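This is model35.txt. It holds compact mmCIF, C-alpha atoms.
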```txt
# COMPACT_ATOMS: atom_id res chain seq x y z
CA MET Y 14 51.07 192.41 53.97
CA LYS Y 15 49.29 194.83 56.27
CA TYR Y 16 45.67 195.74 55.71
CA GLY Y 17 46.06 199.30 54.56
CA THR Y 18 49.06 199.00 52.26
CA THR Y 19 48.63 199.22 48.51
CA PHE Y 20 49.56 196.43 46.16
CA SER Y 21 49.78 197.29 42.50
CA PHE Y 22 49.20 194.49 40.00
CA CYS Y 23 49.58 194.98 36.23
CA TRP Y 24 47.40 192.77 34.12
CA SER Y 25 46.90 192.25 30.45
CA GLY Y 26 44.76 195.37 30.01
CA GLY Y 27 47.88 197.40 30.72
CA SER Y 28 46.25 199.35 33.54
CA LYS Y 29 47.69 199.52 37.02
CA LEU Y 30 45.20 198.85 39.79
CA LEU Y 31 45.73 199.83 43.40
CA LEU Y 32 44.26 197.05 45.50
CA TYR Y 33 43.56 197.34 49.20
CA HIS Y 34 41.83 194.02 49.79
CA TYR Y 35 42.98 190.51 48.97
CA SER Y 36 39.73 189.56 47.22
CA HIS Y 37 40.52 191.89 44.35
CA VAL Y 38 43.93 190.28 44.11
CA GLU Y 39 42.50 186.79 43.87
CA VAL Y 40 39.98 187.74 41.18
CA LYS Y 41 42.68 189.37 39.11
CA PHE Y 42 44.88 186.29 39.49
CA ILE Y 43 42.26 184.19 37.75
CA LYS Y 44 41.58 186.74 35.04
CA CYS Y 45 45.26 186.79 34.07
CA PHE Y 46 46.06 185.18 30.78
CA PHE Y 47 49.12 183.26 31.94
CA LYS Y 48 48.88 179.89 33.68
CA MET Y 49 48.71 179.62 37.46
CA SER Y 50 51.49 177.06 37.28
CA SER Y 51 53.88 179.67 35.93
CA PHE Y 52 53.49 181.85 39.02
CA SER Y 53 56.49 182.77 41.13
CA ARG Y 54 56.63 181.34 44.65
CA SER Y 55 55.43 184.54 46.28
CA ALA Y 56 52.58 184.97 43.82
CA GLN Y 57 51.46 181.37 44.40
CA GLN Y 58 51.61 181.98 48.16
CA TRP Y 59 49.44 185.08 47.78
CA ALA Y 60 46.95 183.13 45.67
CA THR Y 61 46.68 180.21 48.09
CA PHE Y 62 46.33 182.27 51.27
CA ALA Y 63 44.07 185.00 49.92
CA ARG Y 64 41.10 185.89 52.14
CA SER Y 65 37.70 185.80 50.40
CA TRP Y 66 34.51 187.68 51.23
CA PHE Y 67 31.25 185.71 51.28
CA LEU Y 68 27.67 187.03 51.31
CA ILE Y 69 24.73 185.24 52.96
CA ASP Y 70 21.12 186.42 52.77
CA ALA Y 71 19.38 185.51 56.02
CA ARG Y 72 15.84 186.33 54.90
CA MET Y 73 13.40 183.63 56.13
CA GLN Y 74 16.31 181.44 57.29
CA PRO Y 75 16.83 179.76 60.67
CA PRO Y 76 19.58 181.70 62.48
CA GLY Y 77 21.28 178.52 63.68
CA LYS Y 78 21.84 177.22 60.17
CA ILE Y 79 23.12 180.62 59.04
CA ALA Y 80 25.45 180.72 62.04
CA SER Y 81 26.91 177.28 61.33
CA MET Y 82 27.64 178.25 57.72
CA CYS Y 83 29.30 181.44 58.99
CA SER Y 84 31.38 179.66 61.59
CA VAL Y 85 32.71 177.12 59.06
CA ARG Y 86 33.94 179.89 56.80
CA LEU Y 87 35.23 182.14 59.57
CA GLN Y 88 37.44 179.35 60.84
CA GLY Y 89 38.64 178.43 57.37
CA LYS Y 90 37.37 174.86 57.60
CA HIS Y 91 36.11 175.01 54.02
CA LYS Y 92 39.73 175.18 52.80
CA PRO Y 93 42.00 172.14 52.36
CA ILE Y 94 44.88 174.19 53.79
CA TYR Y 95 43.08 174.57 57.14
CA HIS Y 96 45.08 174.55 60.37
CA PRO Y 97 43.75 175.96 63.67
CA LEU Y 98 46.90 177.98 64.25
CA SER Y 99 47.14 179.58 60.81
CA ASP Y 100 44.81 182.54 60.64
CA ILE Y 101 43.07 181.33 57.52
CA GLY Y 102 39.41 182.28 57.89
CA ASP Y 103 37.46 184.38 55.41
CA HIS Y 104 35.15 187.33 55.84
CA VAL Y 105 31.41 186.66 55.97
CA VAL Y 106 28.75 189.33 55.39
CA VAL Y 107 25.20 188.47 56.51
CA MET Y 108 22.41 190.70 55.31
CA ASN Y 109 18.69 190.84 56.21
CA THR Y 110 19.34 189.63 59.76
CA ARG Y 111 16.19 191.48 60.77
CA HIS Y 112 14.15 188.95 58.74
CA ILE Y 113 15.41 185.68 60.20
CA ALA Y 114 12.85 182.99 60.98
CA PHE Y 115 12.97 180.85 64.11
CA SER Y 116 11.09 177.58 63.88
CA GLY Y 117 8.57 176.56 66.51
CA ASN Y 118 7.81 178.93 69.37
CA LYS Y 119 11.38 180.02 69.89
CA TRP Y 120 10.57 183.69 69.49
CA GLU Y 121 8.72 183.49 72.81
CA GLN Y 122 10.42 180.53 74.45
CA LYS Y 123 14.12 180.98 73.72
CA VAL Y 124 15.72 183.03 76.50
CA TYR Y 125 18.99 184.93 76.34
CA SER Y 126 20.43 185.49 79.82
CA SER Y 127 23.16 187.85 80.93
CA HIS Y 128 24.68 188.88 84.23
CA THR Y 129 27.12 191.73 84.64
CA GLY Y 130 28.41 190.36 87.96
CA TYR Y 131 26.77 192.99 90.13
CA PRO Y 132 23.95 191.84 92.40
CA GLY Y 133 20.52 192.28 90.95
CA SER Y 134 21.75 192.52 87.35
CA PHE Y 135 20.56 189.19 86.06
CA LYS Y 136 18.67 189.92 82.86
CA GLN Y 137 16.67 187.49 80.82
CA LEU Y 138 15.34 188.46 77.44
CA THR Y 139 13.21 186.43 75.10
CA ALA Y 140 14.39 186.13 71.54
CA ALA Y 141 11.67 188.51 70.39
CA GLN Y 142 12.73 191.20 72.87
CA MET Y 143 16.38 190.72 72.01
CA HIS Y 144 15.65 190.98 68.30
CA LYS Y 145 13.65 194.15 68.78
CA LYS Y 146 16.48 195.72 70.78
CA ASP Y 147 19.22 194.74 68.31
CA PRO Y 148 18.31 192.94 65.07
CA THR Y 149 21.84 191.54 64.61
CA ALA Y 150 22.30 190.18 68.14
CA ILE Y 151 20.70 186.76 67.63
CA ILE Y 152 22.98 185.76 64.76
CA LYS Y 153 25.98 187.32 66.48
CA LEU Y 154 25.46 185.27 69.64
CA ALA Y 155 24.80 182.13 67.64
CA VAL Y 156 28.04 182.47 65.66
CA TYR Y 157 29.97 183.36 68.82
CA GLY Y 158 28.80 180.16 70.45
CA MET Y 159 29.76 178.03 67.42
CA LEU Y 160 33.32 179.29 67.06
CA PRO Y 161 36.17 177.53 68.92
CA LYS Y 162 36.49 178.78 72.49
CA ASN Y 163 39.96 180.22 72.23
CA LEU Y 164 41.68 183.53 71.62
CA THR Y 165 41.20 183.34 67.87
CA ARG Y 166 37.43 183.60 68.34
CA ARG Y 167 37.48 187.39 68.78
CA THR Y 168 39.49 187.85 65.57
CA MET Y 169 37.02 185.66 63.70
CA MET Y 170 34.10 187.68 65.09
CA GLN Y 171 35.76 190.83 63.77
CA ARG Y 172 35.58 189.28 60.30
CA LEU Y 173 31.85 188.69 60.61
CA HIS Y 174 29.80 191.61 59.28
CA LEU Y 175 26.09 191.70 60.10
CA PHE Y 176 23.56 194.03 58.53
CA PRO Y 177 19.88 194.11 59.51
CA ASP Y 178 18.66 195.00 55.99
CA ASP Y 179 20.02 194.60 52.50
CA VAL Y 180 21.71 197.99 52.54
CA LEU Y 181 25.44 197.30 52.49
CA PRO Y 182 28.23 199.88 52.56
CA GLU Y 183 30.00 200.40 49.28
CA ASP Y 184 33.43 199.20 50.31
CA ILE Y 185 32.00 195.89 51.50
CA LEU Y 186 30.01 195.52 48.29
CA LYS Y 187 33.19 195.89 46.32
CA ASN Y 188 34.88 193.09 48.23
CA LEU Y 189 32.25 190.38 47.86
CA THR Y 190 33.26 187.38 45.77
CA GLU Y 191 30.46 184.86 46.20
CA GLU Y 192 26.92 184.64 47.49
CA LEU Y 193 26.30 181.40 49.33
CA PRO Y 194 23.04 179.51 48.72
CA GLN Y 195 20.47 179.74 51.48
CA PRO Y 196 20.27 176.68 53.75
CA ARG Y 197 16.47 176.56 53.94
CA GLU Y 198 14.19 176.49 50.95
CA ILE Y 199 11.59 179.22 51.54
CA PRO Y 200 8.06 177.76 51.19
CA ARG Y 201 5.78 179.69 48.89
CA LYS Y 202 2.71 181.48 50.17
CA LEU Y 203 -0.68 180.58 48.79
CA SER Y 204 -0.83 183.89 46.97
CA GLU Y 205 2.41 182.96 45.17
CA TYR Y 206 0.88 179.87 43.54
CA THR Y 207 -0.64 180.28 40.08
CA GLN Y 208 -4.25 179.34 39.45
CA GLU Y 209 -3.20 176.40 37.26
CA GLU Y 210 -1.05 174.98 40.05
CA ARG Y 211 -3.90 175.34 42.51
CA ASN Y 212 -6.26 173.56 40.18
CA ALA Y 213 -3.77 170.81 39.53
CA PHE Y 214 -3.26 170.13 43.25
CA PRO Y 215 -4.54 166.59 44.04
CA MET Y 216 -7.57 166.32 46.34
CA LEU Y 217 -8.34 163.14 48.30
CA TRP Y 218 -11.84 164.10 49.32
CA THR Y 219 -13.83 167.26 49.46
CA PRO Y 220 -15.32 168.37 52.75
CA ASN Y 221 -19.04 168.53 52.35
CA VAL Y 222 -20.87 171.81 52.85
CA SER Y 223 -23.85 170.07 54.55
CA GLY Y 224 -21.80 168.15 57.14
CA SER Y 225 -20.82 164.51 56.70
CA PRO Y 226 -17.83 163.91 54.45
CA GLY Y 227 -18.43 162.37 51.07
CA SER Y 228 -22.21 162.61 51.27
CA ALA Y 229 -22.35 165.12 48.43
CA SER Y 230 -22.60 163.70 44.98
CA ILE Y 231 -20.69 166.56 43.40
CA ARG Y 232 -17.14 167.08 44.58
CA HIS Y 233 -15.76 170.58 44.68
CA ASN Y 234 -12.29 171.94 44.63
CA PRO Y 235 -12.29 173.77 48.02
CA LEU Y 236 -9.83 176.40 46.82
CA THR Y 237 -11.76 177.52 43.78
CA LYS Y 238 -15.22 176.21 44.74
CA ALA Y 239 -15.53 174.89 41.19
CA PRO Y 240 -17.06 171.43 40.81
CA LEU Y 241 -14.49 168.71 39.96
CA SER Y 242 -15.08 166.74 36.80
CA GLU Y 243 -14.26 163.02 37.04
CA MET F 262 74.10 177.60 71.04
CA THR F 263 70.46 177.63 70.03
CA ALA F 264 69.26 176.74 66.58
CA ARG F 265 68.26 180.36 66.08
CA GLY F 266 71.71 181.65 67.03
CA THR F 267 73.61 179.35 64.71
CA PRO F 268 73.39 179.49 60.93
CA SER F 269 71.12 177.09 59.07
CA ARG F 270 70.28 176.20 55.49
CA PHE F 271 67.76 174.23 53.48
CA LEU F 272 68.52 170.84 51.99
CA GLN F 273 69.89 171.23 48.49
CA SER F 274 72.16 169.57 46.00
CA VAL F 275 74.83 171.38 43.98
CA LEU F 276 73.26 171.85 40.51
CA HIS F 277 71.17 168.62 40.75
CA ASN F 278 74.38 166.55 40.96
CA GLY F 279 73.57 162.90 40.40
CA VAL F 280 70.39 163.36 38.36
CA GLY F 281 72.41 163.14 35.20
CA ARG F 282 76.10 162.60 35.61
CA TYR F 283 77.74 162.60 39.07
CA VAL F 284 80.60 165.07 39.40
CA CYS F 285 82.88 164.72 42.43
CA GLN F 286 82.68 168.05 44.22
CA LEU F 287 86.16 167.81 45.74
CA LYS F 288 88.40 169.96 43.56
CA ARG F 289 91.75 169.85 45.33
CA ILE F 290 93.11 168.10 48.39
CA SER F 291 96.42 169.18 49.92
CA LEU F 292 98.30 167.13 52.48
CA ILE F 293 100.54 169.41 54.55
CA PHE F 294 102.90 167.54 56.83
CA SER F 295 106.43 167.63 58.14
CA LYS F 296 109.10 165.14 57.16
CA LYS F 297 110.42 164.60 60.63
CA GLY F 298 107.73 165.37 63.25
CA GLN F 299 106.07 162.49 65.08
CA GLY F 300 102.58 163.99 64.68
CA SER F 301 102.89 163.53 60.92
CA LEU F 302 103.71 159.84 61.21
CA GLY F 303 100.25 158.76 60.15
CA VAL F 304 100.29 161.13 57.19
CA ARG F 305 103.64 159.83 56.04
CA ASP F 306 102.40 156.24 56.29
CA PHE F 307 99.29 157.17 54.32
CA ILE F 308 101.43 158.81 51.63
CA GLU F 309 103.50 155.65 51.38
CA GLU F 310 100.52 153.32 51.05
CA GLY F 311 97.19 154.86 50.15
CA VAL F 312 97.44 158.22 48.46
CA VAL F 313 98.31 156.93 45.01
CA ASP F 314 95.33 154.57 45.00
CA PHE F 315 93.10 157.41 46.15
CA ALA F 316 94.35 159.68 43.40
CA LYS F 317 93.84 156.95 40.78
CA ASN F 318 90.28 156.27 41.99
CA ASN F 319 89.27 159.94 42.11
CA SER F 320 90.54 161.21 38.81
CA GLY F 321 88.63 164.45 39.11
CA THR F 322 90.45 165.52 42.28
CA VAL F 323 93.93 167.02 42.31
CA VAL F 324 96.11 165.76 45.18
CA TYR F 325 98.92 167.97 46.43
CA ILE F 326 101.56 166.63 48.79
CA SER F 327 103.52 169.49 50.41
CA PRO F 328 106.08 168.66 53.05
CA GLN F 329 106.81 171.76 55.11
CA SER F 330 108.34 172.41 58.48
CA CYS F 331 105.07 172.63 60.42
CA ARG F 332 104.10 171.57 63.90
CA ILE F 333 100.64 170.27 63.04
CA PRO F 334 99.88 168.31 59.87
CA LYS F 335 96.75 169.38 58.00
CA ILE F 336 94.52 168.23 55.18
CA VAL F 337 93.02 171.12 53.20
CA ALA F 338 90.07 170.20 50.99
CA GLU F 339 88.78 172.69 48.41
CA TYR F 340 85.43 172.21 46.73
CA LEU F 341 83.91 173.30 43.43
CA ASN F 342 81.63 175.86 45.06
CA GLY F 343 84.64 177.55 46.69
CA ASN F 344 84.39 176.24 50.24
CA VAL F 345 87.64 175.31 51.91
CA LYS F 346 87.78 172.77 54.73
CA GLU F 347 90.85 172.27 56.88
CA GLU F 348 91.29 169.26 59.14
CA THR F 349 94.21 168.71 61.49
CA VAL F 350 95.44 165.14 61.48
CA THR F 351 98.02 165.15 64.31
CA ASN F 352 98.61 161.72 65.76
CA LYS F 353 96.11 160.01 63.52
CA THR F 354 96.79 156.60 62.08
CA SER F 355 97.01 155.96 58.38
CA GLN F 356 93.67 154.11 58.47
CA GLU F 357 91.92 157.05 60.10
CA ILE F 358 93.40 159.46 57.58
CA ALA F 359 92.20 157.26 54.72
CA GLU F 360 88.69 157.25 56.16
CA LEU F 361 88.82 161.01 56.60
CA ILE F 362 89.91 161.54 53.01
CA THR F 363 87.11 159.33 51.63
CA LYS F 364 84.64 161.28 53.78
CA LEU F 365 85.92 164.57 52.36
CA SER F 366 85.67 163.29 48.81
CA ASN F 367 82.08 162.14 49.35
CA GLN F 368 80.96 165.52 50.70
CA SER F 369 79.60 168.27 48.51
CA GLY F 370 81.05 171.64 49.40
CA LEU F 371 77.89 172.90 51.14
CA ASP F 372 78.25 174.12 54.74
CA ILE F 373 77.91 171.61 57.53
CA ILE F 374 75.27 173.53 59.46
CA ARG F 375 71.79 172.72 60.68
CA ILE F 376 69.51 171.61 57.84
CA ARG F 377 66.09 173.08 58.41
CA LYS F 378 64.11 170.34 56.71
CA PRO F 379 65.36 166.86 55.79
CA PHE F 380 63.48 167.06 52.47
CA HIS F 381 63.29 169.37 49.45
CA THR F 382 61.44 169.28 46.19
CA ASP F 383 61.55 171.52 43.15
CA SER F 384 58.00 170.54 42.17
CA PRO F 385 55.97 170.82 45.39
CA SER F 386 52.66 170.37 43.59
CA ILE F 387 51.72 168.07 40.69
CA GLN F 388 48.09 168.95 40.08
CA GLY F 389 48.56 172.59 40.98
CA GLN F 390 48.45 174.15 44.43
CA TRP F 391 45.01 174.95 45.78
CA HIS F 392 43.77 178.51 45.57
CA PRO F 393 40.33 179.79 46.60
CA PHE F 394 38.92 179.44 43.08
CA THR F 395 40.14 175.89 42.36
CA ASN F 396 36.72 174.29 42.66
CA ARG F 397 34.65 177.43 42.79
CA PRO F 398 33.24 179.10 39.67
CA LEU F 399 34.17 182.73 39.38
CA SER F 400 31.25 185.13 39.08
CA ILE F 401 31.92 187.93 36.62
CA ASP F 402 28.74 189.75 37.66
CA PRO F 403 28.92 191.81 40.83
CA VAL F 404 27.78 190.01 43.97
CA GLY F 405 25.37 191.72 46.29
CA PRO F 406 21.85 193.03 46.84
CA GLN F 407 22.03 195.59 44.06
CA ALA F 408 22.57 192.75 41.58
CA LYS F 409 19.18 191.23 42.34
```

Starting from the coordinates I provided, produce the structure as structure tokens.
Amino acid sequence: MKYGTTFSFCWSGGSKLLLYHYSHVEVKFIKCFFKMSSFSRSAQQWATFARSWFLIDARMQPPGKIASMCSVRLQGKHKPIYHPLSDIGDHVVVMNTRHIAFSGNKWEQKVYSSHTGYPGSFKQLTAAQMHKKDPTAIIKLAVYGMLPKNLTRRTMMQRLHLFPDDVLPEDILKNLTEELPQPREIPRKLSEYTQEERNAFPMLWTPNVSGSPGSASIRHNPLTKAPLSE
Amino acid sequence: MTARGTPSRFLQSVLHNGVGRYVCQLKRISLIFSKKGQGSLGVRDFIEEGVVDFAKNNSGTVVYISPQSCRIPKIVAEYLNGNVKEETVTNKTSQEIAELITKLSNQSGLDIIRIRKPFHTDSPSIQGQWHPFTNRPLSIDPVGPQAK
């Protein structure tokens, strides 16, 4: 079925829906009140090979981990019906690419090089410069490098949708079926801890105000400066 | 010719023949021969010896013997699904004709063309074929940044 054609599907509500994208079709399949096993052959084929839309929030995430999650789903490797020749990958939407977080000193040390082929056109950009120029480029290049190096790669890249902030166009919002969990657990800032948690944090020793450690008779909680009771 | 140029079909049985009762798919077999030509010698020998036994063993098949003045003797087999198969049996021995007739009675009437796959099943999936929401809970709420 071509991308732009309509596909009308009557379900138990009695209303006819004109569906342009497969993800609507798959959701309506599940919401039907008859069993999946009673589907006709063509309906079962549609259900099995439907293309889903996934959402990933890249805020405070390492771009490499985001890119590997994207590449798995763009190739279709998360499906048991995977085959490299059958075009079975899903769409992936990544939002907040502007707020990705490299570990270590990669913002200054990681270098993206390019050469157009003409003499004198060798450019090297640090990750920070690249990110400033185009906030989606880092994830795009990472995913491109993780996909298989064949002609299907360009088609898979067309199914990757990157957005620097969490403003998504309406037609993409309508297609999303699942938000994937973030690969990295975001550590909390000190200001995000409650006072009770700060007090309850175990202290091995308190650094002494006068100099040598442990020489003070009263031990203080360094965060709250309140004396610790034994 | 190529496989694409010639007709082909999928493996099938005629109405699940054999699952319950087996019905012989050969409806009618006609032996057309001449009484005097030397090409029909084998047919005449077969009619003398083997045709009565064949007819007794295959009670569901009607056997017609029609002597005509014809140059080439033929065996015409008609099947329950309507297919008609003609075989010329000039200068064949009685033994060969007997083998040919048993082969025709063992066939179903389906076309002898390329079979696309050597297997077929009516129930391709026992536990249910996979679909994207097999092991994935469906979210009724809308997915996206506005939902947060």

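If you count only C-alpha atoms and ignore residues fewer than 5 places along the chain from Ser386 (chain F), what sits within 12 Å of it is Met49, Ser50, Arg54 and Gln57 of chain Y; Trp391 of chain F.
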
Separation of CA of Arg86 (chain Y) from CA of Lys146 (chain Y), in Å and rounded to one decimal
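A separation of 27.4 Å between them.
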
For region 344-364 of chain F against region 372-385 of chain F, with a cut-off of 10 Å and counting only C-alpha atoms, what is the closest atom pair and its distance in Å to one decimal for every residue that makes the cut, ordered by chain and number, as a Markdown table?
```
| residue | atom | partner | partner_atom | distance |
| --- | --- | --- | --- | --- |
| F:Asn344 | CA | F:Asp372 | CA | 7.9 |
| F:Val345 | CA | F:Asp372 | CA | 9.9 |
| F:Lys346 | CA | F:Asp372 | CA | 9.6 |
```

Sort by chain and increasing residue number a table of all residues of chain Y within 12 Å of chain F, each with its closest pair of atoms and their distance in Å to one decimal, counting only C-alpha atoms, and write it as a Markdown table.
```
| residue | atom | partner | partner_atom | distance |
| --- | --- | --- | --- | --- |
| Y:Tyr35 | CA | F:Pro393 | CA | 11.3 |
| Y:Ser36 | CA | F:Pro393 | CA | 9.8 |
| Y:Val38 | CA | F:Pro393 | CA | 11.4 |
| Y:Glu39 | CA | F:Pro393 | CA | 7.8 |
| Y:Val40 | CA | F:Leu399 | CA | 7.9 |
| Y:Lys41 | CA | F:Leu399 | CA | 10.8 |
| Y:Phe42 | CA | F:Phe394 | CA | 9.8 |
| Y:Ile43 | CA | F:Phe394 | CA | 7.9 |
| Y:Lys44 | CA | F:Leu399 | CA | 9.5 |
| Y:Lys48 | CA | F:Gly389 | CA | 10.3 |
| Y:Met49 | CA | F:Gly389 | CA | 7.9 |
| Y:Ser50 | CA | F:Gly389 | CA | 6.5 |
| Y:Ser51 | CA | F:Gly389 | CA | 10.2 |
| Y:Phe52 | CA | F:Gly389 | CA | 10.7 |
| Y:Arg54 | CA | F:Pro385 | CA | 10.6 |
| Y:Ala56 | CA | F:His392 | CA | 11.1 |
| Y:Gln57 | CA | F:Gln390 | CA | 7.8 |
| Y:Gln58 | CA | F:His392 | CA | 9.0 |
| Y:Trp59 | CA | F:His392 | CA | 9.0 |
| Y:Ala60 | CA | F:His392 | CA | 5.6 |
| Y:Thr61 | CA | F:His392 | CA | 4.2 |
| Y:Phe62 | CA | F:His392 | CA | 7.3 |
| Y:Ala63 | CA | F:Pro393 | CA | 7.2 |
| Y:Arg64 | CA | F:Pro393 | CA | 8.3 |
| Y:Ser65 | CA | F:Pro393 | CA | 7.6 |
| Y:Trp66 | CA | F:Val404 | CA | 10.2 |
| Y:Phe67 | CA | F:Val404 | CA | 9.2 |
| Y:Leu68 | CA | F:Gly405 | CA | 7.2 |
| Y:Ile69 | CA | F:Gly405 | CA | 9.3 |
| Y:Asp70 | CA | F:Pro406 | CA | 8.9 |
| Y:Gly89 | CA | F:Pro393 | CA | 11.0 |
| Y:His91 | CA | F:Pro393 | CA | 9.8 |
| Y:Lys92 | CA | F:Pro393 | CA | 7.7 |
| Y:Pro93 | CA | F:Trp391 | CA | 7.8 |
| Y:Ile94 | CA | F:Trp391 | CA | 8.0 |
| Y:Tyr95 | CA | F:Trp391 | CA | 11.5 |
| Y:Ile101 | CA | F:Pro393 | CA | 11.4 |
| Y:Gly102 | CA | F:Pro393 | CA | 11.6 |
| Y:Asp103 | CA | F:Pro393 | CA | 10.3 |
| Y:Val106 | CA | F:Gly405 | CA | 10.0 |
| Y:Val107 | CA | F:Gly405 | CA | 10.7 |
| Y:Met108 | CA | F:Pro406 | CA | 8.8 |
| Y:Asn109 | CA | F:Pro406 | CA | 10.1 |
| Y:Phe176 | CA | F:Pro406 | CA | 11.9 |
| Y:Asp178 | CA | F:Pro406 | CA | 9.9 |
| Y:Asp179 | CA | F:Pro406 | CA | 6.2 |
| Y:Val180 | CA | F:Pro406 | CA | 7.6 |
| Y:Leu181 | CA | F:Pro406 | CA | 7.9 |
| Y:Pro182 | CA | F:Gly405 | CA | 10.7 |
| Y:Glu183 | CA | F:Gly405 | CA | 10.3 |
| Y:Asp184 | CA | F:Gly405 | CA | 11.7 |
| Y:Ile185 | CA | F:Gly405 | CA | 9.4 |
| Y:Leu186 | CA | F:Gly405 | CA | 6.3 |
| Y:Lys187 | CA | F:Pro403 | CA | 8.1 |
| Y:Asn188 | CA | F:Val404 | CA | 8.8 |
| Y:Leu189 | CA | F:Val404 | CA | 5.9 |
| Y:Thr190 | CA | F:Val404 | CA | 6.3 |
| Y:Glu191 | CA | F:Val404 | CA | 6.2 |
| Y:Glu192 | CA | F:Val404 | CA | 6.5 |
| Y:Leu193 | CA | F:Val404 | CA | 10.2 |
```

Would you mind exporting C-alpha atoms of the selected residues as a compact mmCIF listing (two decimals), keeping the file's coordinate frame?
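Once written, part.txt looks like this:
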```
# COMPACT_ATOMS: atom_id res chain seq x y z
CA TYR Y 35 42.98 190.51 48.97
CA SER Y 36 39.73 189.56 47.22
CA VAL Y 38 43.93 190.28 44.11
CA GLU Y 39 42.50 186.79 43.87
CA VAL Y 40 39.98 187.74 41.18
CA LYS Y 41 42.68 189.37 39.11
CA PHE Y 42 44.88 186.29 39.49
CA ILE Y 43 42.26 184.19 37.75
CA LYS Y 44 41.58 186.74 35.04
CA LYS Y 48 48.88 179.89 33.68
CA MET Y 49 48.71 179.62 37.46
CA SER Y 50 51.49 177.06 37.28
CA SER Y 51 53.88 179.67 35.93
CA PHE Y 52 53.49 181.85 39.02
CA ARG Y 54 56.63 181.34 44.65
CA ALA Y 56 52.58 184.97 43.82
CA GLN Y 57 51.46 181.37 44.40
CA GLN Y 58 51.61 181.98 48.16
CA TRP Y 59 49.44 185.08 47.78
CA ALA Y 60 46.95 183.13 45.67
CA THR Y 61 46.68 180.21 48.09
CA PHE Y 62 46.33 182.27 51.27
CA ALA Y 63 44.07 185.00 49.92
CA ARG Y 64 41.10 185.89 52.14
CA SER Y 65 37.70 185.80 50.40
CA TRP Y 66 34.51 187.68 51.23
CA PHE Y 67 31.25 185.71 51.28
CA LEU Y 68 27.67 187.03 51.31
CA ILE Y 69 24.73 185.24 52.96
CA ASP Y 70 21.12 186.42 52.77
CA GLY Y 89 38.64 178.43 57.37
CA HIS Y 91 36.11 175.01 54.02
CA LYS Y 92 39.73 175.18 52.80
CA PRO Y 93 42.00 172.14 52.36
CA ILE Y 94 44.88 174.19 53.79
CA TYR Y 95 43.08 174.57 57.14
CA ILE Y 101 43.07 181.33 57.52
CA GLY Y 102 39.41 182.28 57.89
CA ASP Y 103 37.46 184.38 55.41
CA VAL Y 106 28.75 189.33 55.39
CA VAL Y 107 25.20 188.47 56.51
CA MET Y 108 22.41 190.70 55.31
CA ASN Y 109 18.69 190.84 56.21
CA PHE Y 176 23.56 194.03 58.53
CA ASP Y 178 18.66 195.00 55.99
CA ASP Y 179 20.02 194.60 52.50
CA VAL Y 180 21.71 197.99 52.54
CA LEU Y 181 25.44 197.30 52.49
CA PRO Y 182 28.23 199.88 52.56
CA GLU Y 183 30.00 200.40 49.28
CA ASP Y 184 33.43 199.20 50.31
CA ILE Y 185 32.00 195.89 51.50
CA LEU Y 186 30.01 195.52 48.29
CA LYS Y 187 33.19 195.89 46.32
CA ASN Y 188 34.88 193.09 48.23
CA LEU Y 189 32.25 190.38 47.86
CA THR Y 190 33.26 187.38 45.77
CA GLU Y 191 30.46 184.86 46.20
CA GLU Y 192 26.92 184.64 47.49
CA LEU Y 193 26.30 181.40 49.33
```

List the spatial neighbours of region 202-210 of chain Y as a PyMOL selection string - criterion: any atom at most 10 Å away, all atoms listed in the file, same-chain residues fewer than 5 positions off excluded.
chain Y and resi 215+236-237

Please write the residues from the selection above to a file, keeping C-alpha atoms, as a PDB file, in the coordinates of the input.
```pdb
ATOM      1  CA  PRO Y 215      -4.540 166.590  44.040  1.00  0.00           C
ATOM      2  CA  LEU Y 236      -9.830 176.400  46.820  1.00  0.00           C
ATOM      3  CA  THR Y 237     -11.760 177.520  43.780  1.00  0.00           C
TER       4      THR Y 237
END
```

Which distance in Å separates CA of Lys145 (chain Y) and CA of Tyr125 (chain Y), to one decimal?
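We find that CA of Lys145 (chain Y) and CA of Tyr125 (chain Y) lie 13.1 Å from each other.
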
Hey, can you check how far CA of Pro328 (chain F) sits from CA of Asp306 (chain F)?
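Distance reported for this atom pair: 13.4 Å.
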
Region 299-305 of chain F, all listed atoms, 8 Å padding on each side: what axis-aligned box centre and edge lengths in Å to one decimal come out, as JSON?
```
{"center_x": 103.2, "center_y": 161.4, "center_z": 60.6, "size_x": 21.8, "size_y": 21.2, "size_z": 25.0}
```
